[in-house]
4 protein chains.
Amino acid sequence: MAGNTFGTIFKLTTFGESHGQSIGGIIDGCPSNFLLDLGAIQAELDRRKPGQSSITTQRKETDTVEFLSGILDGCTLGTSIGFSLKNADQRSKDYDKIGEVYRPSHADFTYDKKYGIRDVRGGGRSSARETACRVVAGAIAKQLLAQVGITVKSYVSQVGTVATQNSYIQLDLNQIDSNIVRCPDAKTAAEMETLIKVTKKNGDTVGGQITCVIKGTPIGLGEPVFDRLNADLAKAMFSINAVKGFELGSGFGAITMKGSNHNDSFENKGGSISTISNHSGGIQGGISNGETIYFNVAFKPVATIIKNQSTVDRAGDNVDFKGEGRHDPCVVPRAVPIVDAMAAMVILDHYLRAKTTQL
Amino acid sequence: MAGNTFGTIFKLTTFGESHGQSIGGIIDGCPSNFLLDLGAIQAELDRRKPGQSSITTQRKETDTVEFLSGILDGCTLGTSIGFSLKNADQRSKDYDKIGEVYRPSHADFTYDKKYGIRDVRGGGRSSARETACRVVAGAIAKQLLAQVGITVKSYVSQVGTVATQNSYIQLDLNQIDSNIVRCPDAKTAAEMETLIKVTKKNGDTVGGQITCVIKGTPIGLGEPVFDRLNADLAKAMFSINAVKGFELGSGFGAITMKGSNHNDSFENKGGSISTISNHSGGIQGGISNGETIYFNVAFKPVATIIKNQSTVDRAGDNVDFKGEGRHDPCVVPRAVPIVDAMAAMVILDHYLRAKTTQL
Amino acid sequence: MAGNTFGTIFKLTTFGESHGQSIGGIIDGCPSNFLLDLGAIQAELDRRKPGQSSITTQRKETDTVEFLSGILDGCTLGTSIGFSLKNADQRSKDYDKIGEVYRPSHADFTYDKKYGIRDVRGGGRSSARETACRVVAGAIAKQLLAQVGITVKSYVSQVGTVATQNSYIQLDLNQIDSNIVRCPDAKTAAEMETLIKVTKKNGDTVGGQITCVIKGTPIGLGEPVFDRLNADLAKAMFSINAVKGFELGSGFGAITMKGSNHNDSFENKGGSISTISNHSGGIQGGISNGETIYFNVAFKPVATIIKNQSTVDRAGDNVDFKGEGRHDPCVVPRAVPIVDAMAAMVILDHYLRAKTTQL
Amino acid sequence: MAGNTFGTIFKLTTFGESHGQSIGGIIDGCPSNFLLDLGAIQAELDRRKPGQSSITTQRKETDTVEFLSGILDGCTLGTSIGFSLKNADQRSKDYDKIGEVYRPSHADFTYDKKYGIRDVRGGGRSSARETACRVVAGAIAKQLLAQVGITVKSYVSQVGTVATQNSYIQLDLNQIDSNIVRCPDAKTAAEMETLIKVTKKNGDTVGGQITCVIKGTPIGLGEPVFDRLNADLAKAMFSINAVKGFELGSGFGAITMKGSNHNDSFENKGGSISTISNHSGGIQGGISNGETIYFNVAFKPVATIIKNQSTVDRAGDNVDFKGEGRHDPCVVPRAVPIVDAMAAMVILDHYLRAKTTQL
């Protein structure tokens, strides 16, 4: 009920405040007897970790995951997998002065009012640091999916007004990590990087968009009528900090389309049935149809800015406030592995759910 | 696991194929000893029912709900509420000929492959008829929410390229049902109606957008980190047939904004703390902050069109296909009460969940 | 949360008061494309129905199940299965006078206090009539289990002080329905029948015990550490009205045993591993080990007796009360199909859950 | 689905093999802003820990709990509470030789077959060591319950053939920890201690029974029809290692009783309604009625004995086997805090669930 668990069969439950002893989680329902590549899990964490490049926060955290159970000699036991990541670079003092101030567009106010108490150090539970645990579980999910031929690849498709003009079909998704923005369109990536740096210099932040592409999904994943594959993907994405929008396939563009243009005609091409267009985004009636699943996720600009803002403090007094400390000028480069992780967990969960459709 | 249940405390489970004996559901977790206005529930169903106006399908279904348990003399007993709606106008023969054809952008193909069997009459379980059950539960949720001062109001904000230029703040939400499009901007509504009629005449369909506005929500609804109020709203909306996009508050517009413009500063105005702008859409860190919650939902054009289309049949042969029967040229006017219903269920569910935050 | 759902993958949700319009339920997660024997489902209901013999209540209810969805030409569609049973012989007037009295050892008092309102006619939701819905779902589960070689057979092993001296191994479980008591030990069954009739004549009621025997369970069903197969069976049995005790395998007898006597040694007999004794009752560490699962369920005497009793009424006044109407002098003969049903649902649910242990 | 979570609102998810790096868990849904007595939590762990007395295993484990999140200065934050306990005294070598043997009445065989892999060191996940995590969560639950006037007290009522002749009403439950057996009947406790020591000397083990007494429960906890308070208690107890039986109130004794003796008459005594007898064990229709809840739990003798036994190894060969290492001759003295913990979690969970019955 309290919302710290995600998934139904492949389930992740997480804990941890940004400045507590550690953060971590428990993965339950991971298929047994599967040999994990533990290095690949850490590599995903490294894609998310702070301080990785000149356009991310300069906070230094190693984000090293330690597995506590459920894995023996790299092989899953079928039992619950406990893991933790130490909170290394806490610098609580940065936050002392802001303990009493409700930072604009942060969760300080809502946590305080909901719980009647709040860990003021670094956002506590509302910190994006919590997403590191998702990356761990998602990295495991990605490995299991790879075993059955499913790949999940996300990339930055827009930063501020700079957007790639190429669709996911035109881009080489193996180039996602070829630059620090994680946009596989080199020219656009360079423009994005420049925009982020200028924004940072101004003490400001900027929004962005991530596109996620899932290939190899078998036909039949997703449970009508409420737990549609698209519905669970939407929830997964909206559970990520700073997300403001989600659209699948034709998305908001579908509003202005006609049925005669939008419909995806089926075609038998040499014995294999597929659709000619894919406005559906690989999901029809909530169930995967075997085509590529693709969707966009909109992120707002990071709330922490190095500018004067007006707000109120805990006592209810109007006060001036200026953000300090280290923060990301744009969240999307580091959010790529988080989108990957959440998408992978949804797909794996539904892959396992689909196994129970037949006796 | 099989996806026919929505909610955690206030839970709806539904059943029914479009052309079976009846459809219906069970509401579990409805607070006890609450006097329902049964007429108001039927009135919500009437807003969704086919044949209600010249711009909807001309199928005639009365959609009369019958309550079977859980209510005594109009008062909730606290026990599970069973209800059903008879399937009146089935006309199964319309569907005989299409039983073997996978209609483009329908769920025929995915259901067949997932289950190995399918009720071909009218889409079976994938029919939007199923949403009538959601309207029943949602209408009950709306009454309970009204009791605690929360209102949920959705309206059509765009049909094809015709969009209202007024924000929800500028519109009079009491005028939603003053026209058959359900757009509370009379001039735009008239244009939308014209567009829908022209589209229908052409045997085509068109997409649209619904905006939902929720007022009176107390601070503190929503459970971090996965069951955020926005995440559950996103899932709720994406569980509705034909939905392709969801955005909260600033939505996709946040991509191009700067933090300095996007942040919602808090202000104490005469003892009451609120935000000056509301780009957050009433939710911060996954928790309601007391401001108005508002979001947009994008709907694709209805897949059934009266035009020739190519597709494949169950045997895998490429065939030509032309839709027949009665259908909606645009789904959004009838989808308004469905968006209302799903939103109301999410808010009520989280209202009840929040009661367990304190001992 | 409100407790009207049972199971995790194969899920039953029920509704209905004893004297409302009807009772019914929704089965979600039933494997698709399975041809049901609908007559066999009704036959199980007939084993539970009132008025079936001289030792049950003489109320007449046909308990005819009507399936509303999820089944086409007898074949499961994979979608949710809605069903209902009309409440035929309501005789609400019998209950008028007791509306204000809290009958001893009934749920009148607790329902009233919990919900602040209560359907006083016949116990409302607390009536054992609700178990008919379980029998429907359980009968479906039994058919699916039979397909994979699993059988569930319950019988009456004790009524008052009359107990069969034979273990389940010595009894012919095909003889369970050869007498109206449902004890497959003819001589003991006759004594039980006499005891029940004498008890009835005295206006009294008597307790009893049902033994359930499950054969053919594959190794590996049950999820440690909380959702052990035995834990879910215990919950299932204790969810049945009037149950006061549950013991698996050696049960309470294990208290006085030594490890050296209790341990079940494994033995390889011609290539097949089994245990020599089976004190474990077929479950070790919460997981089925392939041996026969057997357990006892203790039922209290029915609370409705035709004798004067003291109690209080809704106003809190001490009053005298004498039960009237038709009731069972002993619940166990009619509870046999209910125990069958709950056990079958648990086993099928875990059978489906076990499918997700491997990728 | 994989069974490592217990509860619905107050939820515990656990991880850990007996010989891994650590065991631990996450408590989700703990009410916020509650000041915990951390010392009292450790004190409950000390009641469960090995090596605490001459009649328990001599293994030395400190079982020190470390809280990782969700608590600030002893006060609950409302966020998930992560905790861990290091596995100190692992002595893996004791288990090397038994890795390939399926120990009789242990879970070696079933885990191996279910998962296709197993951590052979000390039972891995099936080890009773896992219950330490339950004690942590249960100790927190007990403190919250105490705040609302509810107490949970368990004691040893039988060891082998030695049983206290006094009911829970006659015993002073403050004396439970006055002896190492945890039977608040000094004379019987002495006999039990002697029996356990003799049994241990013989290299054997013996079964036992724990009685649990819950006072102060308000009327109205428990959710009909499946999640009855008694059903959830039954499941909770059967989720504990070595449990073979559970009975509430009159329990198996109800089988031989008449309704006229068994019924609990209500009585208004000076304005307060209670029952004269309490055969119901404080629960009617699945809902607490305000009377004392009491139940018995039967435990089998520990499976590890220092005697020759025949069994099979992983290759399927019949082999002789003799248990070694340190083990408990009787499980019940150390199981007392585990029964307390599971009972407290059930009651607290239903206490929180009941808060959602009213709007």
# chains A, B, ... in the order shown; residues from 1 in each chain; ligands from 1
call {"tool": "interface_residues", "arguments": {"of": "chain A", "to": "chain D", "cutoff": "8 Å", "atoms": "only C-alpha atoms", "output": "tab-separated table (two decimals) with all heavy atoms, in the first residue's frame"}}
result
chain	number	residue	atom	x	y	z
A	1	MET	N	0.81	-1.21	0.00
A	1	MET	CA	0.00	0.00	0.00
A	1	MET	C	0.84	1.27	0.00
A	1	MET	O	0.44	2.28	-0.52
A	1	MET	CB	-0.87	0.03	1.27
A	1	MET	CG	-2.00	-0.94	1.27
A	1	MET	SD	-3.14	-0.68	-0.10
A	1	MET	CE	-2.49	-1.89	-1.25
A	2	ALA	N	2.02	1.16	0.66
A	2	ALA	CA	2.80	2.38	0.82
A	2	ALA	C	3.70	2.64	-0.38
A	2	ALA	O	4.50	3.58	-0.37
A	2	ALA	CB	3.62	2.32	2.11
A	3	GLY	N	3.56	1.82	-1.40
A	3	GLY	CA	4.09	2.20	-2.70
A	3	GLY	C	5.55	1.93	-2.98
A	3	GLY	O	6.07	2.40	-4.00
A	4	ASN	N	6.24	1.17	-2.15
A	4	ASN	CA	7.65	0.93	-2.40
A	4	ASN	C	7.93	-0.37	-3.14
A	4	ASN	O	9.07	-0.85	-3.15
A	4	ASN	CB	8.43	0.99	-1.08
A	4	ASN	CG	8.40	2.39	-0.49
A	4	ASN	OD1	9.04	3.30	-1.02
A	4	ASN	ND2	7.62	2.60	0.56
A	8	THR	N	4.55	-7.48	-10.35
A	8	THR	CA	3.62	-8.46	-9.78
A	8	THR	C	4.29	-9.82	-9.60
A	8	THR	O	4.15	-10.44	-8.56
A	8	THR	CB	2.39	-8.63	-10.68
A	8	THR	OG1	2.81	-9.07	-11.96
A	8	THR	CG2	1.63	-7.32	-10.82
A	9	ILE	N	5.03	-10.29	-10.60
A	9	ILE	CA	5.75	-11.56	-10.44
A	9	ILE	C	7.23	-11.24	-10.22
A	9	ILE	O	7.81	-11.62	-9.21
A	9	ILE	CB	5.54	-12.47	-11.66
A	9	ILE	CG1	4.09	-12.99	-11.63
A	9	ILE	CG2	6.54	-13.62	-11.65
A	9	ILE	CD1	3.74	-13.91	-12.76
A	10	PHE	N	7.82	-10.51	-11.15
A	10	PHE	CA	9.18	-9.99	-10.94
A	10	PHE	C	9.00	-8.67	-10.19
A	10	PHE	O	8.59	-7.67	-10.77
A	10	PHE	CB	9.88	-9.76	-12.29
A	10	PHE	CG	11.32	-9.31	-12.17
A	10	PHE	CD1	12.33	-10.26	-12.07
A	10	PHE	CD2	11.65	-7.97	-12.16
A	10	PHE	CE1	13.66	-9.85	-11.97
A	10	PHE	CE2	12.98	-7.56	-12.06
A	10	PHE	CZ	13.98	-8.50	-11.96
A	13	THR	N	11.22	-4.22	-4.42
A	13	THR	CA	10.86	-3.38	-3.28
A	13	THR	C	12.12	-2.63	-2.86
A	13	THR	O	13.18	-3.25	-2.75
A	13	THR	CB	10.34	-4.23	-2.11
A	13	THR	OG1	9.23	-5.02	-2.56
A	13	THR	CG2	9.90	-3.37	-0.93
A	14	THR	N	12.02	-1.32	-2.67
A	14	THR	CA	13.24	-0.56	-2.37
A	14	THR	C	13.13	0.20	-1.05
A	14	THR	O	12.04	0.45	-0.53
A	14	THR	CB	13.56	0.46	-3.49
A	14	THR	OG1	12.56	1.47	-3.53
A	14	THR	CG2	13.65	-0.23	-4.84
A	15	PHE	N	14.30	0.57	-0.53
A	15	PHE	CA	14.36	1.40	0.68
A	15	PHE	C	15.49	2.40	0.51
A	15	PHE	O	16.35	2.23	-0.34
A	15	PHE	CB	14.61	0.53	1.92
A	15	PHE	CG	15.99	-0.06	1.98
A	15	PHE	CD1	17.07	0.65	2.51
A	15	PHE	CD2	16.24	-1.34	1.51
A	15	PHE	CE1	18.35	0.11	2.56
A	15	PHE	CE2	17.51	-1.89	1.54
A	15	PHE	CZ	18.57	-1.16	2.07
A	16	GLY	N	15.47	3.40	1.34
A	16	GLY	CA	16.63	4.26	1.40
A	16	GLY	C	16.39	5.74	1.21
A	16	GLY	O	15.74	6.16	0.26
A	17	GLU	N	16.94	6.51	2.11
A	17	GLU	CA	16.97	7.96	1.98
A	17	GLU	C	18.34	8.33	1.39
A	17	GLU	O	19.33	7.61	1.56
A	17	GLU	CB	16.80	8.64	3.34
A	17	GLU	CG	15.35	8.79	3.77
A	17	GLU	CD	14.72	7.51	4.24
A	17	GLU	OE1	15.33	6.82	5.07
A	17	GLU	OE2	13.62	7.16	3.77
A	20	GLY	N	20.93	8.54	4.23
A	20	GLY	CA	20.97	7.54	5.29
A	20	GLY	C	22.22	6.68	5.13
A	20	GLY	O	23.13	7.01	4.37
A	21	GLN	N	22.23	5.54	5.80
A	21	GLN	CA	23.40	4.67	5.77
A	21	GLN	C	23.59	4.08	4.39
A	21	GLN	O	24.67	4.00	3.86
A	21	GLN	CB	23.18	3.59	6.84
A	21	GLN	CG	24.41	2.88	7.31
A	21	GLN	CD	24.55	1.53	6.64
A	21	GLN	OE1	23.97	1.25	5.59
A	21	GLN	NE2	25.34	0.70	7.26
A	22	SER	N	22.49	3.64	3.79
A	22	SER	CA	22.57	3.04	2.46
A	22	SER	C	21.18	3.02	1.84
A	22	SER	O	20.19	3.30	2.50
A	22	SER	CB	23.12	1.61	2.54
A	22	SER	OG	22.28	0.79	3.33
A	23	ILE	N	21.13	2.73	0.57
A	23	ILE	CA	19.86	2.45	-0.09
A	23	ILE	C	19.95	1.02	-0.61
A	23	ILE	O	21.04	0.42	-0.62
A	23	ILE	CB	19.59	3.42	-1.26
A	23	ILE	CG1	20.68	3.29	-2.34
A	23	ILE	CG2	19.51	4.86	-0.76
A	23	ILE	CD1	20.34	4.04	-3.62
A	24	GLY	N	18.83	0.46	-1.00
A	24	GLY	CA	18.88	-0.92	-1.48
A	24	GLY	C	17.51	-1.44	-1.81
A	24	GLY	O	16.54	-0.67	-1.89
A	25	GLY	N	17.45	-2.73	-2.02
A	25	GLY	CA	16.18	-3.31	-2.40
A	25	GLY	C	16.17	-4.81	-2.32
A	25	GLY	O	17.18	-5.46	-1.99
A	26	ILE	N	15.00	-5.36	-2.57
A	26	ILE	CA	14.81	-6.80	-2.64
A	26	ILE	C	14.09	-7.10	-3.95
A	26	ILE	O	13.04	-6.52	-4.23
A	26	ILE	CB	13.97	-7.32	-1.45
A	26	ILE	CG1	14.66	-7.00	-0.13
A	26	ILE	CG2	13.74	-8.82	-1.59
A	26	ILE	CD1	13.85	-7.40	1.10
A	28	ASP	N	12.13	-9.92	-5.81
A	28	ASP	CA	11.48	-11.20	-5.57
A	28	ASP	C	10.90	-11.70	-6.89
A	28	ASP	O	10.43	-10.91	-7.70
A	28	ASP	CB	10.37	-11.03	-4.52
A	28	ASP	CG	10.04	-12.35	-3.84
A	28	ASP	OD1	10.82	-13.30	-3.98
A	28	ASP	OD2	9.01	-12.41	-3.15
A	29	GLY	N	10.95	-12.99	-7.08
A	29	GLY	CA	10.37	-13.57	-8.28
A	29	GLY	C	11.31	-13.62	-9.47
A	29	GLY	O	10.88	-13.84	-10.60
A	32	SER	N	14.91	-18.71	-11.36
A	32	SER	CA	16.05	-19.36	-10.73
A	32	SER	C	17.02	-19.92	-11.75
A	32	SER	O	16.69	-20.08	-12.93
A	32	SER	CB	15.56	-20.50	-9.84
A	32	SER	OG	15.06	-21.55	-10.63
A	33	ASN	N	18.22	-20.19	-11.25
A	33	ASN	CA	19.22	-20.92	-12.03
A	33	ASN	C	19.65	-20.16	-13.29
A	33	ASN	O	19.92	-20.77	-14.33
A	33	ASN	CB	18.66	-22.30	-12.41
A	33	ASN	CG	19.74	-23.36	-12.33
A	33	ASN	OD1	20.92	-23.05	-12.19
A	33	ASN	ND2	19.33	-24.61	-12.42
A	68	LEU	N	23.43	-9.36	-1.39
A	68	LEU	CA	23.45	-9.93	-0.05
A	68	LEU	C	22.85	-11.32	0.02
A	68	LEU	O	23.06	-12.05	0.98
A	68	LEU	CB	22.69	-9.00	0.91
A	68	LEU	CG	23.11	-7.52	0.87
A	68	LEU	CD1	22.16	-6.68	1.71
A	68	LEU	CD2	24.54	-7.36	1.34
A	69	SER	N	22.10	-11.70	-0.99
A	69	SER	CA	21.41	-12.99	-0.96
A	69	SER	C	20.85	-13.30	-2.33
A	69	SER	O	20.81	-12.44	-3.21
A	69	SER	CB	20.25	-12.96	0.04
A	69	SER	OG	19.19	-12.16	-0.47
A	70	GLY	N	20.40	-14.52	-2.50
A	70	GLY	CA	19.67	-14.89	-3.71
A	70	GLY	C	20.53	-15.22	-4.90
A	70	GLY	O	20.02	-15.62	-5.95
A	72	LEU	N	24.27	-17.21	-5.93
A	72	LEU	CA	25.40	-18.04	-5.49
A	72	LEU	C	26.31	-18.26	-6.69
A	72	LEU	O	25.86	-18.78	-7.71
A	72	LEU	CB	24.88	-19.37	-4.93
A	72	LEU	CG	25.90	-20.24	-4.19
A	72	LEU	CD1	26.35	-19.57	-2.89
A	72	LEU	CD2	25.29	-21.61	-3.89
A	77	LEU	N	19.26	-18.04	-7.28
A	77	LEU	CA	18.79	-19.20	-6.51
A	77	LEU	C	17.27	-19.37	-6.57
A	77	LEU	O	16.74	-20.36	-6.10
A	77	LEU	CB	19.22	-19.05	-5.05
A	77	LEU	CG	20.72	-19.19	-4.76
A	77	LEU	CD1	21.01	-18.75	-3.33
A	77	LEU	CD2	21.17	-20.63	-4.97
A	78	GLY	N	16.58	-18.38	-7.09
A	78	GLY	CA	15.12	-18.42	-7.06
A	78	GLY	C	14.57	-17.78	-5.80
A	78	GLY	O	13.38	-17.50	-5.71
A	79	THR	N	15.44	-17.57	-4.83
A	79	THR	CA	15.04	-16.90	-3.58
A	79	THR	C	15.20	-15.39	-3.77
A	79	THR	O	15.74	-14.93	-4.76
A	79	THR	CB	15.92	-17.39	-2.41
A	79	THR	OG1	17.27	-17.11	-2.73
A	79	THR	CG2	15.74	-18.88	-2.22
A	80	SER	N	14.71	-14.62	-2.79
A	80	SER	CA	14.74	-13.17	-2.94
A	80	SER	C	16.17	-12.64	-2.95
A	80	SER	O	17.02	-13.11	-2.19
A	80	SER	CB	13.91	-12.51	-1.83
A	80	SER	OG	14.28	-13.02	-0.56
A	81	ILE	N	16.41	-11.69	-3.81
A	81	ILE	CA	17.75	-11.10	-3.99
A	81	ILE	C	17.81	-9.78	-3.23
A	81	ILE	O	17.16	-8.80	-3.61
A	81	ILE	CB	18.04	-10.87	-5.49
A	81	ILE	CG1	18.01	-12.21	-6.25
A	81	ILE	CG2	19.39	-10.16	-5.67
A	81	ILE	CD1	18.10	-12.07	-7.77
A	82	GLY	N	18.56	-9.76	-2.15
A	82	GLY	CA	18.76	-8.52	-1.40
A	82	GLY	C	20.01	-7.82	-1.89
A	82	GLY	O	21.00	-8.48	-2.21
A	115	TYR	N	3.52	13.04	5.92
A	115	TYR	CA	4.04	12.18	6.98
A	115	TYR	C	4.17	12.88	8.33
A	115	TYR	O	4.35	12.24	9.35
A	115	TYR	CB	5.40	11.61	6.58
A	115	TYR	CG	5.33	10.75	5.33
A	115	TYR	CD1	5.98	11.11	4.15
A	115	TYR	CD2	4.59	9.57	5.34
A	115	TYR	CE1	5.91	10.31	3.02
A	115	TYR	CE2	4.51	8.76	4.20
A	115	TYR	CZ	5.17	9.14	3.05
A	115	TYR	OH	5.09	8.36	1.94
A	116	GLY	N	4.12	14.22	8.32
A	116	GLY	CA	4.28	14.93	9.59
A	116	GLY	C	5.73	14.95	10.05
A	116	GLY	O	6.04	15.40	11.15
A	117	ILE	N	6.62	14.45	9.22
A	117	ILE	CA	8.03	14.37	9.53
A	117	ILE	C	8.76	14.17	8.21
A	117	ILE	O	8.18	13.66	7.25
A	117	ILE	CB	8.33	13.19	10.50
A	117	ILE	CG1	9.80	13.15	10.90
A	117	ILE	CG2	7.91	11.87	9.88
A	117	ILE	CD1	10.11	12.08	11.97
A	118	ARG	N	10.06	14.57	8.16
A	118	ARG	CA	10.77	14.46	6.90
A	118	ARG	C	12.27	14.42	7.14
A	118	ARG	O	12.77	15.13	8.01
A	118	ARG	CB	10.41	15.66	6.00
A	118	ARG	CG	11.06	15.69	4.64
A	118	ARG	CD	10.45	16.78	3.78
A	118	ARG	NE	10.71	18.10	4.31
A	118	ARG	CZ	11.77	18.85	3.95
A	118	ARG	NH1	12.62	18.40	3.06
A	118	ARG	NH2	11.94	20.04	4.48
A	119	ASP	N	12.96	13.57	6.38
A	119	ASP	CA	14.42	13.59	6.42
A	119	ASP	C	14.86	14.69	5.46
A	119	ASP	O	14.75	14.55	4.25
A	119	ASP	CB	14.97	12.24	5.97
A	119	ASP	CG	16.48	12.17	6.10
A	119	ASP	OD1	17.11	13.22	6.36
A	119	ASP	OD2	17.04	11.08	5.95
A	125	ARG	N	13.84	10.47	0.97
A	125	ARG	CA	13.31	9.41	0.13
A	125	ARG	C	12.92	9.92	-1.26
A	125	ARG	O	12.87	9.15	-2.20
A	125	ARG	CB	12.08	8.80	0.82
A	125	ARG	CG	11.45	7.62	0.11
A	125	ARG	CD	12.34	6.39	0.13
A	125	ARG	NE	11.72	5.23	-0.48
A	125	ARG	CZ	12.40	4.29	-1.15
A	125	ARG	NH1	13.72	4.36	-1.25
A	125	ARG	NH2	11.78	3.26	-1.67
call {"tool": "residues_around", "arguments": {"residues": "Pro50 of chain B", "least_positions_apart": "4", "cutoff": "7 Å", "atoms": "only C-alpha atoms", "output": "list in words"}}
result
Thr56, Thr57, Gln58, Arg59, Lys60 and Glu61 of chain B
call {"tool": "residues_around", "arguments": {"residues": "Val181 of chain A", "least_positions_apart": "4", "cutoff": "9 Å", "atoms": "only C-alpha atoms", "output": "PyMOL selection string"}}
result
chain A and resi 55+155-156+176-177+189-190+192-193+332-334
call {"tool": "atom_distance", "arguments": {"atom1": "atom CA of Gly203 of chain C", "atom2": "atom CA of Ile338 of chain C"}}
result
24.9 Å
call {"tool": "select_by_dssp", "arguments": {"residues": "segment 62-142 of chain C", "states": "alpha helix (DSSP H)", "output": "list in words"}}
result
Lys93, Asp94, Tyr95, Asp96, Asp108, Phe109, Thr110, Tyr111, Asp112, Lys113, Lys114, Tyr115, Thr131, Ala132, Cys133, Arg134, Val135, Val136, Ala137, Gly138, Ala139, Ile140, Ala141 and Lys142 of chain C
call {"tool": "residues_around", "arguments": {"residues": "Val101 of chain C", "least_positions_apart": "4", "cutoff": "12 Å", "atoms": "only C-alpha atoms", "output": "ChimeraX atom specification"}}
result
/C:95-97,105-109,112,118,120-121,123,309-323 /D:265-267
call {"tool": "select_by_dssp", "arguments": {"residues": "segment 112-356 of chain B", "states": "strand (DSSP E or B)", "output": "ChimeraX atom specification"}}
result
/B:151-159,162-163,206,208-215,223,227,243-248,258,266-269,272-275,283-284,287-288,293-299,308-313,318-322
call {"tool": "residues_around", "arguments": {"residues": "segment 212-223 of chain B", "least_positions_apart": "2", "cutoff": "8 Å", "atoms": "only C-alpha atoms", "output": "ChimeraX atom specification"}}
result
/A:1-4,110-111,113-114 /B:149-155,168,210,225-230,286-296,339-340,347,350-351,353-354
call {"tool": "residues_around", "arguments": {"residues": "Ala344 of chain A", "least_positions_apart": "2", "cutoff": "7 Å", "atoms": "only C-alpha atoms", "output": "list in words"}}
result
Gly138, Ala141, Lys142, Val152, Asp340, Ala341, Met342, Val346, Ile347 and Leu348 of chain A
call {"tool": "write_last_selection", "arguments": {"atoms": "C-alpha atoms", "output": "PDB file, in the first residue's frame"}}
result
ATOM      1  CA  GLY A 138      16.365  -3.401 -14.377  1.00  0.00           C
ATOM      2  CA  ALA A 141      15.706  -7.891 -16.065  1.00  0.00           C
ATOM      3  CA  LYS A 142      17.553  -6.822 -19.200  1.00  0.00           C
ATOM      4  CA  VAL A 152      15.410  -2.453 -24.448  1.00  0.00           C
ATOM      5  CA  ASP A 340      15.713   1.257 -19.615  1.00  0.00           C
ATOM      6  CA  ALA A 341      15.391  -0.311 -16.196  1.00  0.00           C
ATOM      7  CA  MET A 342      11.720   0.441 -15.655  1.00  0.00           C
ATOM      8  CA  VAL A 346       7.624  -4.203 -17.036  1.00  0.00           C
ATOM      9  CA  ILE A 347       8.387  -6.381 -20.030  1.00  0.00           C
ATOM     10  CA  LEU A 348       9.918  -9.168 -17.955  1.00  0.00           C
TER      11      LEU A 348
END
